[in-house]
Every structure is written in C-alpha cells, then in structure tokens.
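The next block is run03.pdb, given as PDB, C-alpha atoms and all ligand atoms.
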MODEL        1
ATOM      1  CA  MET A   1       2.325 -14.830   6.054
ATOM      2  CA  PHE A   2       0.371 -13.495   3.095
ATOM      3  CA  GLN A   3      -3.055 -11.964   3.391
ATOM      4  CA  GLN A   4      -5.701 -12.119   0.746
ATOM      5  CA  ALA A   5      -5.580  -9.207  -1.696
ATOM      6  CA  ARG A   6      -8.731  -7.150  -1.408
ATOM      7  CA  ALA A   7     -10.108  -4.768  -4.018
ATOM      8  CA  CYS A   8      -9.415  -1.106  -3.244
ATOM      9  CA  ASN A   9     -12.773  -0.199  -4.845
ATOM     10  CA  LEU A  10     -11.584   3.129  -6.220
ATOM     11  CA  THR A  11     -13.277   4.026  -9.507
ATOM     12  CA  LYS A  12     -11.654   3.191 -12.811
ATOM     13  CA  GLY A  13     -11.059   6.908 -13.433
ATOM     14  CA  ASP A  14      -9.466   7.433 -10.022
ATOM     15  CA  ILE A  15      -7.138   4.461 -10.481
ATOM     16  CA  ASP A  16      -6.220   5.743 -13.941
ATOM     17  CA  GLN A  17      -5.308   9.183 -12.613
ATOM     18  CA  LEU A  18      -3.513   7.746  -9.592
ATOM     19  CA  ALA A  19      -1.351   5.523 -11.801
ATOM     20  CA  SER A  20      -0.416   8.417 -14.096
ATOM     21  CA  ALA A  21       0.402  10.667 -11.143
ATOM     22  CA  LEU A  22       2.561   7.977  -9.543
ATOM     23  CA  GLY A  23       4.395   7.463 -12.817
ATOM     24  CA  GLU A  24       5.169  11.173 -12.943
ATOM     25  CA  ARG A  25       6.312  11.253  -9.348
ATOM     26  CA  LEU A  26       8.609   8.295 -10.027
ATOM     27  CA  ASP A  27      10.056  10.076 -13.098
ATOM     28  CA  TYR A  28       8.665   7.500 -15.471
ATOM     29  CA  SER A  29       8.616   8.746 -19.057
ATOM     30  CA  PRO A  30       6.135   6.929 -21.302
ATOM     31  CA  GLY A  31       7.819   4.386 -23.562
ATOM     32  CA  THR A  32      10.986   4.054 -21.479
ATOM     33  CA  PRO A  33      12.022   0.891 -19.585
ATOM     34  CA  ILE A  34       9.905   0.153 -16.542
ATOM     35  CA  GLU A  35      12.457  -2.042 -14.747
ATOM     36  CA  PRO A  36      14.282   0.964 -13.188
ATOM     37  CA  ILE A  37      10.996   2.002 -11.588
ATOM     38  CA  VAL A  38      10.680  -1.396  -9.914
ATOM     39  CA  GLU A  39      14.250  -1.037  -8.696
ATOM     40  CA  LYS A  40      13.598   2.478  -7.440
ATOM     41  CA  LEU A  41      10.692   1.146  -5.393
ATOM     42  CA  GLY A  42      12.913  -1.528  -3.849
ATOM     43  CA  GLY A  43      11.371  -4.392  -5.806
ATOM     44  CA  GLU A  44      12.931  -7.199  -7.753
ATOM     45  CA  ILE A  45      12.009  -8.942 -10.996
ATOM     46  CA  ARG A  46      12.540 -12.679 -11.294
ATOM     47  CA  PHE A  47      12.313 -14.538 -14.547
ATOM     48  CA  ARG A  48      11.145 -18.107 -14.516
ATOM     49  CA  GLU A  49      11.778 -20.706 -17.165
ATOM     50  CA  LEU A  50       8.818 -22.425 -18.703
ATOM     51  CA  ASP A  51       9.666 -25.765 -17.062
ATOM     52  CA  GLU A  52       9.616 -24.277 -13.577
ATOM     53  CA  TRP A  53       6.389 -22.497 -14.277
ATOM     54  CA  LEU A  54       3.973 -23.446 -11.551
ATOM     55  CA  ASP A  55       2.139 -20.184 -11.060
ATOM     56  CA  ASP A  56       1.033 -17.588 -13.555
ATOM     57  CA  ASP A  57       2.708 -14.146 -13.580
ATOM     58  CA  SER A  58       2.550 -12.974 -10.019
ATOM     59  CA  ILE A  59       3.785 -10.667  -7.295
ATOM     60  CA  GLU A  60       4.744 -11.329  -3.713
ATOM     61  CA  VAL A  61       4.815  -8.326  -1.390
ATOM     62  CA  TYR A  62       6.619  -8.842   1.905
ATOM     63  CA  GLY A  63       6.613  -5.290   3.243
ATOM     64  CA  PRO A  64       7.160  -1.642   2.264
ATOM     65  CA  GLY A  65       9.703  -1.557  -0.558
ATOM     66  CA  GLN A  66      10.060  -5.323  -0.473
ATOM     67  CA  PHE A  67       8.466  -7.238  -3.286
ATOM     68  CA  ARG A  68       9.190  -9.671  -6.086
ATOM     69  CA  ILE A  69       7.546  -9.795  -9.477
ATOM     70  CA  PHE A  70       7.676 -13.131 -11.277
ATOM     71  CA  LEU A  71       7.611 -13.191 -15.046
ATOM     72  CA  LEU A  72       7.710 -15.888 -17.638
ATOM     73  CA  ASN A  73      10.993 -15.847 -19.538
ATOM     74  CA  VAL A  74       9.453 -16.613 -22.905
ATOM     75  CA  ALA A  75       6.816 -13.859 -22.837
ATOM     76  CA  GLY A  76       7.550 -10.925 -25.143
ATOM     77  CA  VAL A  77       8.905  -7.535 -24.035
ATOM     78  CA  LEU A  78       5.605  -5.709 -24.483
ATOM     79  CA  ARG A  79       3.651  -8.355 -22.626
ATOM     80  CA  ASN A  80       6.166  -8.267 -19.786
ATOM     81  CA  ARG A  81       5.999  -4.478 -19.545
ATOM     82  CA  PHE A  82       2.236  -4.620 -19.160
ATOM     83  CA  THR A  83       2.548  -7.399 -16.602
ATOM     84  CA  ILE A  84       5.108  -5.430 -14.568
ATOM     85  CA  ALA A  85       2.837  -2.360 -14.568
ATOM     86  CA  HIS A  86      -0.088  -4.614 -13.618
ATOM     87  CA  GLU A  87       1.862  -6.082 -10.685
ATOM     88  CA  LEU A  88       2.837  -2.552  -9.573
ATOM     89  CA  GLY A  89      -0.906  -1.924  -9.466
ATOM     90  CA  HIS A  90      -1.237  -4.747  -6.951
ATOM     91  CA  TYR A  91       1.661  -3.270  -4.979
ATOM     92  CA  PHE A  92       0.158   0.218  -4.776
ATOM     93  CA  LEU A  93      -3.544  -0.576  -4.625
ATOM     94  CA  HIS A  94      -3.764  -3.916  -2.855
ATOM     95  CA  SER A  95      -0.715  -4.132  -0.614
ATOM     96  CA  ARG A  96      -0.971  -0.378   0.013
ATOM     97  CA  ILE A  97       2.758   0.049  -0.631
ATOM     98  CA  GLY A  98       3.702  -2.967   1.413
ATOM     99  CA  GLU A  99       1.439  -2.387   4.382
ATOM    100  CA  VAL A 100      -0.433  -5.619   3.662
ATOM    101  CA  PRO A 101       1.702  -8.629   2.680
ATOM    102  CA  ILE A 102       0.058 -10.221  -0.335
ATOM    103  CA  LYS A 103       0.698 -12.790  -3.011
ATOM    104  CA  VAL A 104      -1.386 -12.382  -6.139
ATOM    105  CA  ASN A 105      -1.562 -14.323  -9.360
ATOM    106  CA  ARG A 106      -4.204 -14.366 -12.033
ATOM    107  CA  SER A 107      -6.462 -16.587  -9.997
ATOM    108  CA  GLY A 108      -7.229 -13.610  -7.737
ATOM    109  CA  SER A 109     -10.719 -12.125  -7.641
ATOM    110  CA  ASP A 110     -11.900 -10.454 -10.834
ATOM    111  CA  ARG A 111     -12.207  -6.991  -9.347
ATOM    112  CA  VAL A 112      -8.646  -7.136  -7.999
ATOM    113  CA  GLU A 113      -7.350  -8.106 -11.449
ATOM    114  CA  TRP A 114      -9.383  -5.409 -13.191
ATOM    115  CA  GLU A 115      -8.061  -2.755 -10.859
ATOM    116  CA  ALA A 116      -4.482  -3.829 -11.599
ATOM    117  CA  ASN A 117      -5.201  -3.684 -15.340
ATOM    118  CA  TRP A 118      -6.672  -0.169 -15.059
ATOM    119  CA  PHE A 119      -3.572   0.832 -13.141
ATOM    120  CA  ALA A 120      -1.286  -0.648 -15.800
ATOM    121  CA  ALA A 121      -3.044   1.253 -18.606
ATOM    122  CA  GLY A 122      -2.902   4.534 -16.692
ATOM    123  CA  PHE A 123       0.732   4.019 -15.804
ATOM    124  CA  LEU A 124       2.004   3.031 -19.261
ATOM    125  CA  MET A 125      -0.303   5.322 -21.254
ATOM    126  CA  PRO A 126      -1.017   8.439 -19.156
ATOM    127  CA  GLU A 127      -4.086  10.240 -20.469
ATOM    128  CA  GLN A 128      -2.504  13.589 -21.406
ATOM    129  CA  PRO A 129       0.531  12.259 -23.302
ATOM    130  CA  PHE A 130      -1.719   9.672 -24.919
ATOM    131  CA  ARG A 131      -4.170  12.288 -26.165
ATOM    132  CA  GLU A 132      -1.277  14.371 -27.517
ATOM    133  CA  ALA A 133       0.195  11.349 -29.294
ATOM    134  CA  VAL A 134      -3.173  10.543 -30.879
ATOM    135  CA  LYS A 135      -3.270  14.079 -32.306
ATOM    136  CA  ARG A 136       0.087  13.443 -34.012
ATOM    137  CA  ASP A 137      -0.814   9.988 -35.326
ATOM    138  CA  SER A 138      -3.768   7.920 -34.217
ATOM    139  CA  SER A 139      -2.647   4.632 -35.743
ATOM    140  CA  PRO A 140      -2.376   1.780 -33.222
ATOM    141  CA  ALA A 141       1.073   0.867 -34.621
ATOM    142  CA  TYR A 142       2.403   4.366 -33.858
ATOM    143  CA  LEU A 143       0.853   4.468 -30.373
ATOM    144  CA  SER A 144       2.187   0.993 -29.652
ATOM    145  CA  ALA A 145       5.711   2.154 -30.554
ATOM    146  CA  VAL A 146       5.523   5.414 -28.583
ATOM    147  CA  PHE A 147       4.210   3.846 -25.375
ATOM    148  CA  MET A 148       5.852   0.426 -25.847
ATOM    149  CA  VAL A 149       2.603  -1.439 -25.373
ATOM    150  CA  SER A 150       0.900  -4.024 -27.553
ATOM    151  CA  VAL A 151      -1.211  -2.815 -30.462
ATOM    152  CA  GLU A 152      -4.207  -4.306 -28.639
ATOM    153  CA  ALA A 153      -3.469  -2.322 -25.469
ATOM    154  CA  ALA A 154      -3.171   0.895 -27.494
ATOM    155  CA  MET A 155      -6.494   0.190 -29.207
ATOM    156  CA  VAL A 156      -8.238  -0.465 -25.890
ATOM    157  CA  ARG A 157      -6.782   2.757 -24.494
ATOM    158  CA  LYS A 158      -8.102   4.763 -27.443
ATOM    159  CA  LYS A 159     -11.552   3.313 -26.911
ATOM    160  CA  VAL A 160     -11.527   3.906 -23.138
ATOM    161  CA  LEU A 161     -10.572   7.562 -23.656
ATOM    162  CA  GLY A 162     -13.251   7.961 -26.317
ATOM    163  CA  LEU A 163     -10.692   8.481 -29.090
ATOM    164  CA  ALA A 164     -11.434   5.409 -31.204
TER     165      ALA A 164
HETATM  166 ZN    ZN B 201      -2.904  -9.565 -11.145
ENDMDL
END
Could the structure of this file be written out as structure tokens, please?
Amino acid sequence: MFQQARACNLTKGDIDQLASALGERLDYSPGTPIEPIVEKLGGEIRFRELDEWLDDDSIEVYGPGQFRIFLLNVAGVLRNRFTIAHELGHYFLHSRIGEVPIKVNRSGSDRVEWEANWFAAGFLMPEQPFREAVKRDSSPAYLSAVFMVSVEAAMVRKKVLGLA
C-alpha cells in the first residue's frame, strides 16, 4: 500500500520557511511540547521497546490526517523531539499531507532525509525567534534550553543562520 517517498526538491531555505510558517499556523510555540501538534494533525506516536526494535525511527502515513510515528523508548526527550519534527517533515513534504501513502525510515534516500532534517530545524528553531534568542544569549546551552533541542542542534542552527 505504501509508495516510495520522493524528494520534494524545494530549496533548503524554502523548506526552512515552510516549516516555521506551519509551526505558527499550528500554534506551536518554540520550546513547548510537540506531541499536541501531532495529535492536532490526527497523528499518533507509538513507542517501541528496544527488544521489539526492528526498524529505525520511522513514520507510516496512511492518508490525510492518518499517520503513526514510531520512536524508540530509550531515546532521550530532546532526541525524540527532533525525530518527531523530522517525521512531520516527511508527512508534510513527502506524503503531501497524506495524499501519498508512505513509510519512511532512515534507510530512505539521502535527499529525502536531508529535507526532513531541514524541516525539523525550521520547525523547532524558527529563524526569527532564534535570532532574537541569540541576541539575548548566544550560548548553545541557553539556546538548547529555550528551544528544547540538543546542544548540537542549536550549534548547527547558529552556523546555518550565519550566527556562529
Ligand atoms: Zn526520515
């Protein structure tokens, strides 16, 4: 039933802006829990135990507003937040909001995975709020706490926006 996920081929900048705009439209405030957003979209999050771990983190999209995100139970909160945002990227960019039924894990094509990562960064760390936060305190520890992302993700974001 699933089709192969194909890259949307939007530019990195366009995906970044799209993710931030979607976050705003969905009333996502940076640093707050992302699970309610999944719920709002009609999706479901399933945790798997390590011993039933066959696939990597993944998403299955069945139709519009019908999808499941699979996470590893033992992964940390910050890692899971990034993964959820990444899987939402697949939902918006690659299933086109459920139009194309897809199942994606990390063995997907590189471009598809990159696009989902760009989406995740733009969603969790929207450019404007991120720039404002950097003006207050540019330390990765502070940015990590404000946006609830890993220190590494905050550092990459600074670099991408030319703030590092
Ligand atoms: Zn992925």
Checklist entry - If you count only C-alpha atoms, which residues fall within 9 Å of Tyr91 of chain A, apart from same-chain ones fewer than 2 positions away, as a PyMOL selection string? => result chain A and resi 59-61+67+86-89+93-98+102
Next on the checklist: Here is a test: counting only C-alpha atoms, which residue of A:Leu143, A:Ile45, A:Met125, A:Leu72 is nearest to Asp16 of chain A?
Outcome noted: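 Under the stated criterion, the closest residue is A:Met125.
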Just so the selection is clear, what residues does the PyMOL selection byres (((not hetatm)) within 6 of (chain B and resi 201)) cover here, as a PDB file with C-alpha atoms, keeping the file's coordinate frame?
ATOM      1  CA  GLU A  87       1.862  -6.082 -10.685  1.00  0.00           C
ATOM      2  CA  VAL A 104      -1.386 -12.382  -6.139  1.00  0.00           C
ATOM      3  CA  ASN A 105      -1.562 -14.323  -9.360  1.00  0.00           C
ATOM      4  CA  ARG A 106      -4.204 -14.366 -12.033  1.00  0.00           C
ATOM      5  CA  GLU A 113      -7.350  -8.106 -11.449  1.00  0.00           C
ATOM      6  CA  ALA A 116      -4.482  -3.829 -11.599  1.00  0.00           C
TER       7      ALA A 116
END
Checklist entry - What do you get, as a ChimeraX atom specification, if you spell out every residue that the PyMOL selection byres (((chain A and resi 30-41) around 12) and not hetatm) selects here? => result /A:20,22-29,42-46,59,61,63-69,77-78,80-89,91-92,97-98,120-130,133,142-150
Checklist entry - Interatomic distance between atom CA of Arg48 of chain A and atom CA of Ala75 of chain A? => result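 Computing it gives 10.3 Å between the two atoms.
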Item to check | One-decimal distance in Å that lies between atom CA of His90 of chain A and atom CA of Cys8 of chain A | outcome: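 Atom CA of Cys8 of chain A sits 9.7 Å away from atom CA of His90 of chain A.
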Checklist entry - By how many Å are atom CA of Leu18 of chain A and atom CA of Asp110 of chain A apart? => result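 So the two atoms, atom CA of Leu18 of chain A and atom CA of Asp110 of chain A, lie 20.1 Å apart.
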Per-axis box centre and lengths in Å around segment 122-129 of chain A, 8 Å margin per side, axis-aligned, as JSON:
{"center_x": -1.0, "center_y": 8.3, "center_z": -19.6, "size_x": 22.1, "size_y": 26.6, "size_z": 23.5}
Next on the checklist: So, with only C-alpha atoms as the atoms that count, which of A:Asp137, A:Glu115, A:Glu152, A:Glu132 lies closest to Asp14 of chain A?
Outcome noted: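 Among the listed residues, A:Glu115 lies closest to Asp14 of chain A.
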Checklist entry - Do you know which residues are at most 7 Å from Pro140 of chain A counting all atoms listed in the file, after dropping those on the same chain fewer than 4 positions away, and could you put them as a PyMOL selection string? => result chain A and resi 144+151+154-155
Item to check | Contact residues around segment 162-164 of chain A with only C-alpha atoms at 10 Å, ignoring same-chain residues under 2 positions, as a PyMOL selection string | outcome: chain A and resi 130-131+134-135+138-140+155-160
Item to check | Among listed residues A:Trp114, A:Tyr62, A:Phe119, A:Phe70, nearest Ala7 of chain A (using all atoms listed in the file) | outcome: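 Once distances to Ala7 of chain A are computed over all atoms listed in the file, the minimum belongs to A:Trp114.
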Generate the missing atoms of segment 22-33 of chain A up to all heavy atoms and report them as a compact mmCIF listing (two decimals), in the frame of the given file.
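Final output, saved to part-v8.txt:
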# COMPACT_ATOMS: atom_id res chain seq x y z
N LEU A 22 1.45 8.72 -10.14
CA LEU A 22 2.56 7.98 -9.54
C LEU A 22 3.71 7.85 -10.53
O LEU A 22 4.88 8.00 -10.16
CB LEU A 22 2.10 6.58 -9.11
CG LEU A 22 1.43 6.50 -7.75
CD1 LEU A 22 0.75 5.15 -7.57
CD2 LEU A 22 2.46 6.72 -6.65
N GLY A 23 3.37 7.57 -11.79
CA GLY A 23 4.39 7.46 -12.82
C GLY A 23 5.20 8.75 -12.91
O GLY A 23 6.42 8.73 -13.00
N GLU A 24 4.49 9.87 -12.87
CA GLU A 24 5.17 11.17 -12.94
C GLU A 24 6.07 11.38 -11.74
O GLU A 24 7.21 11.81 -11.86
CB GLU A 24 4.13 12.29 -12.99
CG GLU A 24 4.11 13.02 -14.31
CD GLU A 24 3.02 14.07 -14.34
OE1 GLU A 24 3.12 15.04 -13.57
OE2 GLU A 24 2.06 13.90 -15.12
N ARG A 25 5.54 11.05 -10.56
CA ARG A 25 6.31 11.25 -9.35
C ARG A 25 7.57 10.38 -9.33
O ARG A 25 8.58 10.73 -8.76
CB ARG A 25 5.44 10.95 -8.12
CG ARG A 25 6.00 11.60 -6.87
CD ARG A 25 5.18 11.25 -5.64
NE ARG A 25 3.76 11.55 -5.78
CZ ARG A 25 2.84 11.13 -4.91
NH1 ARG A 25 3.20 10.40 -3.87
NH2 ARG A 25 1.58 11.43 -5.08
N LEU A 26 7.46 9.22 -9.98
CA LEU A 26 8.61 8.30 -10.03
C LEU A 26 9.53 8.57 -11.22
O LEU A 26 10.43 7.80 -11.50
CB LEU A 26 8.10 6.85 -10.10
CG LEU A 26 7.42 6.33 -8.83
CD1 LEU A 26 6.60 5.09 -9.12
CD2 LEU A 26 8.46 6.05 -7.75
N ASP A 27 9.26 9.70 -11.92
CA ASP A 27 10.06 10.08 -13.10
C ASP A 27 9.99 9.05 -14.21
O ASP A 27 10.99 8.81 -14.89
CB ASP A 27 11.53 10.31 -12.72
CG ASP A 27 11.72 11.65 -12.07
OD1 ASP A 27 11.01 12.60 -12.45
OD2 ASP A 27 12.57 11.75 -11.16
N TYR A 28 8.84 8.43 -14.36
CA TYR A 28 8.66 7.50 -15.47
C TYR A 28 8.24 8.27 -16.71
O TYR A 28 7.24 8.99 -16.69
CB TYR A 28 7.61 6.44 -15.14
CG TYR A 28 7.30 5.56 -16.32
CD1 TYR A 28 8.23 4.62 -16.76
CD2 TYR A 28 6.11 5.70 -17.03
CE1 TYR A 28 7.98 3.85 -17.87
CE2 TYR A 28 5.85 4.92 -18.15
CZ TYR A 28 6.79 4.00 -18.57
OH TYR A 28 6.55 3.24 -19.67
N SER A 29 9.02 8.15 -17.79
CA SER A 29 8.62 8.75 -19.06
C SER A 29 8.01 7.66 -19.91
O SER A 29 8.60 6.59 -20.09
CB SER A 29 9.82 9.31 -19.81
OG SER A 29 10.47 10.26 -19.03
N PRO A 30 6.80 7.93 -20.47
CA PRO A 30 6.14 6.93 -21.30
C PRO A 30 7.06 6.36 -22.37
O PRO A 30 7.81 7.10 -23.02
CB PRO A 30 4.99 7.71 -21.93
CG PRO A 30 4.68 8.77 -20.92
CD PRO A 30 6.00 9.15 -20.33
N GLY A 31 7.03 5.05 -22.53
CA GLY A 31 7.82 4.39 -23.56
C GLY A 31 9.21 3.97 -23.12
O GLY A 31 9.90 3.27 -23.85
N THR A 32 9.65 4.42 -21.95
CA THR A 32 10.99 4.05 -21.48
C THR A 32 10.90 2.77 -20.63
O THR A 32 9.81 2.37 -20.22
CB THR A 32 11.61 5.18 -20.63
OG1 THR A 32 10.82 5.38 -19.46
CG2 THR A 32 11.69 6.49 -21.43
N PRO A 33 12.05 2.14 -20.36
CA PRO A 33 12.02 0.89 -19.58
C PRO A 33 11.38 1.08 -18.21
O PRO A 33 11.57 2.11 -17.56
CB PRO A 33 13.50 0.53 -19.44
CG PRO A 33 14.15 1.15 -20.62
CD PRO A 33 13.40 2.44 -20.84
